[in-house]
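Novice: Got a structure for you, questions after.
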Amino acid sequence: MEKINIGFALTGSFCTFKKAINTMRGLKEAGHNIFPIMSYNAYSTDTRFGKAYEFRDSIEAICERHIISSIAEAEPIGPKKLLDILIIEPCTGNTLAKLANSIADTPVTLAAKSHLRNGRPVLIAISTNDALAGASKNIGALLNYKNVYFIPYNQDDAENKPTSIVADFTLTEKAMLSALNGKQLQPLII
């Protein structure tokens with residue numbers, strides 16, 4: 001497989017960070033170039049799931065490069081055509097809303113806007129408690145956007161969190177290869 005330049009962006013669904021970092025590690029071990037990007041909150045917030053500096057240190061060690069964590073650092077992604085694909089994993093409901101409404105006020109949303117201007121794919125791994133509620137209209141809008149793809153997803157706890165959806169992170173590489181070929185990996189809802 002040829003080396004792919006992957007932007008790997010994390011937003012604030014902290015409960016999925018360990019899974020996302022494992023995915024990132026797997027893509028790096030497969031020989032791809034990983035450009036890590038983090039939203040402001042993902043970059044700086046300590047939670048019950050871990051300390052921000054621990055996640056940052058782990059990501060930079062895997063990727064062997066500095067995390068893009070500011071608007072100024074994200075802006076050149078499009079003009080310099082740095083990436084073949086941008087993966088947003090995890091992607092929160094807040095980020096979904098911004099992407100659906102062309103709001104580019106974080107390193108992740110600006111990276112997506114900058115990358116999409118080149119007609120290159122963005123792959124989204126949903127992780128939000130309101131996917132089947134308030135965020136559903138944004139998911140619907142993004143499903144209709146050119147060059148935006150989703151990692152297949154499902155309800156993670158239908159009984160206790162009936163509106164919550166999380167992507168199956170184990171399908172990231174397969175969904176990435178499909179998106180690079182201009183196709184949405186199916187089935188979308190698993």
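We label chains A, B, ... in the order they appear in the structure tokens, count residues from 1 in each chain, and number ligands from 1 in the order shown.
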Please provide the set of residues having any atom within 9 Å of segment 70-78 of chain A, restricted to only C-alpha atoms, with same-chain residues fewer than 6 positions apart removed, written as a PyMOL selection string.

Specialist: chain A and resi 37-40+104-118

Novice: Find the spatial neighbours of Lys146 of chain A, counting only C-alpha atoms, within a cut-off of 10 Å - ignore same-chain residues fewer than 6 positions away - and output them as a list in words.

Specialist: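 The contact residues come out as Leu116, Gly119, Arg120, Pro121, Val122 and Gly182 of chain A.
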
Novice: Keeping N, CA and C atoms, export the residues of the selection given above as a JSON list (two decimals), in the first residue's frame.

Specialist:
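out-v9.json, written as the output of this step:
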```json
[["chain", "number", "residue", "atom", "x", "y", "z"],
["A", 116, "LEU", "N", -10.95, 20.73, 2.32],
["A", 116, "LEU", "CA", -12.05, 20.52, 1.37],
["A", 116, "LEU", "C", -11.94, 21.42, 0.15],
["A", 119, "GLY", "N", -10.93, 19.73, -2.89],
["A", 119, "GLY", "CA", -11.73, 18.60, -3.37],
["A", 119, "GLY", "C", -11.27, 17.27, -2.84],
["A", 120, "ARG", "N", -10.66, 17.29, -1.67],
["A", 120, "ARG", "CA", -10.14, 16.06, -1.06],
["A", 120, "ARG", "C", -11.05, 15.61, 0.08],
["A", 121, "PRO", "N", -11.05, 14.31, 0.40],
["A", 121, "PRO", "CA", -12.03, 13.77, 1.35],
["A", 121, "PRO", "C", -11.76, 14.08, 2.81],
["A", 122, "VAL", "N", -12.89, 14.27, 3.52],
["A", 122, "VAL", "CA", -12.92, 14.36, 4.97],
["A", 122, "VAL", "C", -13.73, 13.17, 5.46],
["A", 182, "GLY", "N", -13.62, 7.80, -3.41],
["A", 182, "GLY", "CA", -14.85, 8.53, -3.67],
["A", 182, "GLY", "C", -16.11, 7.78, -3.31]]
```

Novice: Using only C-alpha atoms, determine which residues lie at most 8 Å from segment 46-59 of chain A, disregarding the query and same-chain residues fewer than 2 positions distant; provide the list as a PyMOL selection string.

Specialist: chain A and resi 14-15+17+21+36+42-44+61-63+67

Novice: Check the smallest atom-to-atom distance from each of A:Asp130, A:Ala125, A:Gln155, A:Thr172 to Ile88 of chain A using only C-alpha atoms, then report the winner.

Specialist: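 Ranked by minimum distance to Ile88 of chain A, first place goes to A:Ala125.
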
Novice: Going by DSSP on the backbone, which bits of segment 3-139 of chain A are helix (DSSP H, G or I)? Write them as a JSON list (two decimals) with N, CA and C atoms, in the first residue's frame, please.

Specialist:
```json
[["chain", "number", "residue", "atom", "x", "y", "z"],
["A", 14, "PHE", "N", -13.90, 12.92, 24.88],
["A", 14, "PHE", "CA", -12.75, 12.40, 25.62],
["A", 14, "PHE", "C", -12.84, 10.91, 25.92],
["A", 15, "CYS", "N", -14.05, 10.39, 26.06],
["A", 15, "CYS", "CA", -14.22, 8.97, 26.39],
["A", 15, "CYS", "C", -13.74, 8.06, 25.26],
["A", 16, "THR", "N", -13.54, 8.60, 24.07],
["A", 16, "THR", "CA", -13.09, 7.78, 22.94],
["A", 16, "THR", "C", -11.63, 8.03, 22.56],
["A", 17, "PHE", "N", -10.93, 8.86, 23.29],
["A", 17, "PHE", "CA", -9.55, 9.21, 22.94],
["A", 17, "PHE", "C", -8.63, 7.99, 22.86],
["A", 18, "LYS", "N", -8.74, 7.09, 23.80],
["A", 18, "LYS", "CA", -7.83, 5.93, 23.79],
["A", 18, "LYS", "C", -8.06, 5.09, 22.54],
["A", 19, "LYS", "N", -9.32, 4.90, 22.14],
["A", 19, "LYS", "CA", -9.62, 4.16, 20.91],
["A", 19, "LYS", "C", -9.06, 4.91, 19.69],
["A", 20, "ALA", "N", -9.27, 6.23, 19.67],
["A", 20, "ALA", "CA", -8.79, 7.03, 18.53],
["A", 20, "ALA", "C", -7.27, 6.97, 18.44],
["A", 21, "ILE", "N", -6.60, 7.04, 19.56],
["A", 21, "ILE", "CA", -5.13, 6.98, 19.56],
["A", 21, "ILE", "C", -4.65, 5.60, 19.10],
["A", 22, "ASN", "N", -5.37, 4.55, 19.46],
["A", 22, "ASN", "CA", -5.03, 3.21, 18.97],
["A", 22, "ASN", "C", -5.19, 3.14, 17.45],
["A", 23, "THR", "N", -6.24, 3.77, 16.93],
["A", 23, "THR", "CA", -6.43, 3.82, 15.48],
["A", 23, "THR", "C", -5.28, 4.57, 14.82],
["A", 24, "MET", "N", -4.92, 5.69, 15.40],
["A", 24, "MET", "CA", -3.81, 6.50, 14.89],
["A", 24, "MET", "C", -2.52, 5.66, 14.86],
["A", 25, "ARG", "N", -2.28, 4.94, 15.93],
["A", 25, "ARG", "CA", -1.08, 4.09, 16.02],
["A", 25, "ARG", "C", -1.10, 3.04, 14.91],
["A", 26, "GLY", "N", -2.25, 2.42, 14.68],
["A", 26, "GLY", "CA", -2.36, 1.41, 13.64],
["A", 26, "GLY", "C", -2.09, 1.97, 12.25],
["A", 27, "LEU", "N", -2.59, 3.17, 11.98],
["A", 27, "LEU", "CA", -2.34, 3.81, 10.68],
["A", 27, "LEU", "C", -0.87, 4.15, 10.51],
["A", 28, "LYS", "N", -0.23, 4.59, 11.59],
["A", 28, "LYS", "CA", 1.20, 4.89, 11.53],
["A", 28, "LYS", "C", 2.00, 3.61, 11.31],
["A", 29, "GLU", "N", 1.65, 2.55, 12.02],
["A", 29, "GLU", "CA", 2.35, 1.27, 11.87],
["A", 29, "GLU", "C", 2.16, 0.68, 10.47],
["A", 40, "TYR", "N", -9.20, 23.06, 20.33],
["A", 40, "TYR", "CA", -8.69, 23.72, 21.54],
["A", 40, "TYR", "C", -9.02, 22.90, 22.79],
["A", 41, "ASN", "N", -10.26, 22.44, 22.91],
["A", 41, "ASN", "CA", -10.65, 21.69, 24.10],
["A", 41, "ASN", "C", -9.95, 20.35, 24.17],
["A", 42, "ALA", "N", -9.85, 19.65, 23.06],
["A", 42, "ALA", "CA", -9.17, 18.36, 23.06],
["A", 42, "ALA", "C", -7.71, 18.51, 23.47],
["A", 43, "TYR", "N", -7.09, 19.59, 23.04],
["A", 43, "TYR", "CA", -5.68, 19.84, 23.31],
["A", 43, "TYR", "C", -5.40, 20.19, 24.77],
["A", 44, "SER", "N", -6.35, 20.85, 25.42],
["A", 44, "SER", "CA", -6.02, 21.45, 26.72],
["A", 44, "SER", "C", -6.84, 20.98, 27.92],
["A", 52, "ALA", "N", -4.61, 16.02, 29.68],
["A", 52, "ALA", "CA", -4.38, 16.53, 28.32],
["A", 52, "ALA", "C", -2.93, 16.31, 27.90],
["A", 53, "TYR", "N", -1.97, 16.59, 28.77],
["A", 53, "TYR", "CA", -0.57, 16.46, 28.39],
["A", 53, "TYR", "C", -0.21, 15.00, 28.08],
["A", 54, "GLU", "N", -0.85, 14.05, 28.77],
["A", 54, "GLU", "CA", -0.58, 12.64, 28.49],
["A", 54, "GLU", "C", -1.05, 12.26, 27.09],
["A", 55, "PHE", "N", -2.25, 12.71, 26.72],
["A", 55, "PHE", "CA", -2.74, 12.45, 25.37],
["A", 55, "PHE", "C", -1.85, 13.12, 24.33],
["A", 56, "ARG", "N", -1.47, 14.37, 24.57],
["A", 56, "ARG", "CA", -0.61, 15.09, 23.62],
["A", 56, "ARG", "C", 0.73, 14.38, 23.45],
["A", 57, "ASP", "N", 1.34, 13.98, 24.56],
["A", 57, "ASP", "CA", 2.64, 13.30, 24.50],
["A", 57, "ASP", "C", 2.54, 12.00, 23.72],
["A", 58, "SER", "N", 1.48, 11.25, 23.95],
["A", 58, "SER", "CA", 1.28, 9.98, 23.26],
["A", 58, "SER", "C", 1.09, 10.20, 21.76],
["A", 59, "ILE", "N", 0.27, 11.18, 21.40],
["A", 59, "ILE", "CA", 0.00, 11.48, 19.99],
["A", 59, "ILE", "C", 1.27, 11.93, 19.28],
["A", 60, "GLU", "N", 2.03, 12.82, 19.89],
["A", 60, "GLU", "CA", 3.25, 13.31, 19.24],
["A", 60, "GLU", "C", 4.30, 12.20, 19.12],
["A", 61, "ALA", "N", 4.34, 11.29, 20.07],
["A", 61, "ALA", "CA", 5.29, 10.17, 19.98],
["A", 61, "ALA", "C", 4.90, 9.23, 18.83],
["A", 62, "ILE", "N", 3.62, 8.97, 18.67],
["A", 62, "ILE", "CA", 3.16, 8.10, 17.59],
["A", 62, "ILE", "C", 3.43, 8.75, 16.23],
["A", 63, "CYS", "N", 3.03, 10.00, 16.10],
["A", 63, "CYS", "CA", 3.09, 10.68, 14.79],
["A", 63, "CYS", "C", 4.47, 11.22, 14.45],
["A", 71, "ILE", "N", -5.33, 27.92, 14.87],
["A", 71, "ILE", "CA", -5.85, 28.32, 13.56],
["A", 71, "ILE", "C", -4.68, 28.60, 12.60],
["A", 72, "ALA", "N", -3.69, 29.31, 13.07],
["A", 72, "ALA", "CA", -2.54, 29.67, 12.22],
["A", 72, "ALA", "C", -1.82, 28.43, 11.71],
["A", 73, "GLU", "N", -1.70, 27.39, 12.54],
["A", 73, "GLU", "CA", -1.04, 26.16, 12.11],
["A", 73, "GLU", "C", -1.91, 25.35, 11.14],
["A", 74, "ALA", "N", -3.23, 25.45, 11.27],
["A", 74, "ALA", "CA", -4.14, 24.68, 10.42],
["A", 74, "ALA", "C", -4.35, 25.31, 9.05],
["A", 75, "GLU", "N", -4.22, 26.61, 8.96],
["A", 75, "GLU", "CA", -4.54, 27.32, 7.71],
["A", 75, "GLU", "C", -3.76, 26.83, 6.49],
["A", 76, "PRO", "N", -2.46, 26.52, 6.58],
["A", 76, "PRO", "CA", -1.71, 26.09, 5.39],
["A", 76, "PRO", "C", -2.08, 24.72, 4.83],
["A", 77, "ILE", "N", -2.90, 23.96, 5.54],
["A", 77, "ILE", "CA", -3.23, 22.60, 5.10],
["A", 77, "ILE", "C", -3.77, 22.60, 3.67],
["A", 93, "GLY", "N", -20.71, 16.43, 18.46],
["A", 93, "GLY", "CA", -21.88, 17.12, 17.91],
["A", 93, "GLY", "C", -21.60, 18.58, 17.65],
["A", 94, "ASN", "N", -20.81, 19.20, 18.50],
["A", 94, "ASN", "CA", -20.45, 20.60, 18.32],
["A", 94, "ASN", "C", -19.67, 20.79, 17.02],
["A", 95, "THR", "N", -18.72, 19.92, 16.77],
["A", 95, "THR", "CA", -17.93, 20.01, 15.54],
["A", 95, "THR", "C", -18.79, 19.68, 14.32],
["A", 96, "LEU", "N", -19.68, 18.69, 14.44],
["A", 96, "LEU", "CA", -20.61, 18.40, 13.34],
["A", 96, "LEU", "C", -21.40, 19.64, 12.96],
["A", 97, "ALA", "N", -21.91, 20.36, 13.97],
["A", 97, "ALA", "CA", -22.70, 21.57, 13.70],
["A", 97, "ALA", "C", -21.87, 22.63, 12.99],
["A", 98, "LYS", "N", -20.65, 22.79, 13.43],
["A", 98, "LYS", "CA", -19.78, 23.79, 12.79],
["A", 98, "LYS", "C", -19.48, 23.40, 11.35],
["A", 99, "LEU", "N", -19.18, 22.14, 11.12],
["A", 99, "LEU", "CA", -18.88, 21.68, 9.75],
["A", 99, "LEU", "C", -20.10, 21.84, 8.86],
["A", 100, "ALA", "N", -21.28, 21.49, 9.35],
["A", 100, "ALA", "CA", -22.51, 21.58, 8.56],
["A", 100, "ALA", "C", -22.87, 23.02, 8.21],
["A", 107, "PRO", "N", -8.94, 24.76, 15.23],
["A", 107, "PRO", "CA", -7.96, 24.14, 14.33],
["A", 107, "PRO", "C", -8.56, 23.01, 13.49],
["A", 108, "VAL", "N", -9.48, 22.24, 14.06],
["A", 108, "VAL", "CA", -10.08, 21.12, 13.34],
["A", 108, "VAL", "C", -11.02, 21.60, 12.24],
["A", 109, "THR", "N", -11.91, 22.53, 12.57],
["A", 109, "THR", "CA", -12.86, 22.99, 11.55],
["A", 109, "THR", "C", -12.15, 23.79, 10.45],
["A", 110, "LEU", "N", -11.12, 24.53, 10.80],
["A", 110, "LEU", "CA", -10.37, 25.24, 9.76],
["A", 110, "LEU", "C", -9.58, 24.25, 8.90],
["A", 111, "ALA", "N", -9.03, 23.21, 9.51],
["A", 111, "ALA", "CA", -8.33, 22.19, 8.74],
["A", 111, "ALA", "C", -9.29, 21.55, 7.73],
["A", 112, "ALA", "N", -10.52, 21.26, 8.16],
["A", 112, "ALA", "CA", -11.51, 20.66, 7.26],
["A", 112, "ALA", "C", -11.84, 21.62, 6.12],
["A", 113, "LYS", "N", -12.11, 22.86, 6.44],
["A", 113, "LYS", "CA", -12.44, 23.85, 5.40],
["A", 113, "LYS", "C", -11.28, 24.01, 4.43],
["A", 114, "SER", "N", -10.09, 24.12, 4.96],
["A", 114, "SER", "CA", -8.89, 24.32, 4.14],
["A", 114, "SER", "C", -8.63, 23.11, 3.26],
["A", 115, "HIS", "N", -8.84, 21.92, 3.80],
["A", 115, "HIS", "CA", -8.62, 20.67, 3.06],
["A", 115, "HIS", "C", -9.69, 20.46, 1.98],
["A", 116, "LEU", "N", -10.95, 20.73, 2.32],
["A", 116, "LEU", "CA", -12.05, 20.52, 1.37],
["A", 116, "LEU", "C", -11.94, 21.42, 0.15],
["A", 136, "SER", "N", -28.85, 15.41, 14.66],
["A", 136, "SER", "CA", -29.25, 14.61, 13.49],
["A", 136, "SER", "C", -29.37, 15.47, 12.23],
["A", 137, "LYS", "N", -29.83, 16.70, 12.36],
["A", 137, "LYS", "CA", -29.94, 17.56, 11.16],
["A", 137, "LYS", "C", -28.57, 17.88, 10.58],
["A", 138, "ASN", "N", -27.56, 17.98, 11.44],
["A", 138, "ASN", "CA", -26.20, 18.26, 10.95],
["A", 138, "ASN", "C", -25.59, 17.03, 10.27],
["A", 139, "ILE", "N", -25.88, 15.86, 10.80],
["A", 139, "ILE", "CA", -25.43, 14.62, 10.17],
["A", 139, "ILE", "C", -26.07, 14.52, 8.79]]
```

Novice: From a DSSP pass on the backbone, collect the residues of chain A flagged as strand (DSSP E or B) and hand them back as a ChimeraX atom specification.

Specialist: /A:5-10,33-38,47,50,68,85-91,122-128,148-150,153-155,165-167,189

Novice: Any chance you can output those residues with C-alpha atoms as a tab-separated table (two decimals), in the first residue's frame?

Specialist:
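Saved file selection.tsv follows:
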```
chain	number	residue	atom	x	y	z
A	5	ASN	CA	-0.73	11.68	4.16
A	6	ILE	CA	-3.44	11.61	6.81
A	7	GLY	CA	-4.64	14.51	8.89
A	8	PHE	CA	-5.93	12.92	12.10
A	9	ALA	CA	-8.04	15.38	14.08
A	10	LEU	CA	-9.43	14.87	17.56
A	33	ASN	CA	2.24	9.80	7.48
A	34	ILE	CA	0.05	11.17	10.27
A	35	PHE	CA	-0.44	14.91	10.84
A	36	PRO	CA	-2.13	15.25	14.25
A	37	ILE	CA	-4.65	18.05	14.79
A	38	MET	CA	-6.58	18.84	17.96
A	47	THR	CA	-10.92	14.97	32.26
A	50	GLY	CA	-6.97	11.37	31.26
A	68	ILE	CA	-1.51	21.29	14.95
A	85	ILE	CA	-7.42	12.76	3.57
A	86	LEU	CA	-8.54	14.36	6.84
A	87	ILE	CA	-10.00	12.05	9.47
A	88	ILE	CA	-11.91	13.64	12.34
A	89	GLU	CA	-11.96	10.98	15.04
A	90	PRO	CA	-13.74	11.52	17.36
A	91	CYS	CA	-16.08	14.15	15.95
A	122	VAL	CA	-12.92	14.36	4.97
A	123	LEU	CA	-13.81	11.25	6.96
A	124	ILE	CA	-15.91	11.70	10.10
A	125	ALA	CA	-16.10	9.34	13.10
A	126	ILE	CA	-19.18	10.50	15.00
A	127	SER	CA	-19.13	10.40	18.77
A	128	THR	CA	-21.99	12.35	20.28
A	148	VAL	CA	-17.52	14.24	3.22
A	149	TYR	CA	-17.71	10.61	4.34
A	150	PHE	CA	-18.57	8.82	7.56
A	153	TYR	CA	-21.68	4.02	13.27
A	154	ASN	CA	-24.22	2.61	15.70
A	155	GLN	CA	-25.97	3.33	18.95
A	165	ILE	CA	-24.09	7.36	18.32
A	166	VAL	CA	-20.44	6.31	18.11
A	167	ALA	CA	-18.51	5.31	15.00
A	189	ILE	CA	-25.46	2.23	10.10
```

Novice: Rank nothing, just name the residue among A:Ile4, A:Ser13, A:Ile103, A:Leu83 nearest to His32 of chain A, using only C-alpha atoms.

Specialist: A:Ile4

Novice: Just the number, please: distance in Å from atom CA of Glu2 of chain A to atom CA of Lys174 of chain A, one decimal.

Specialist: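 A separation of 14.5 Å between them.
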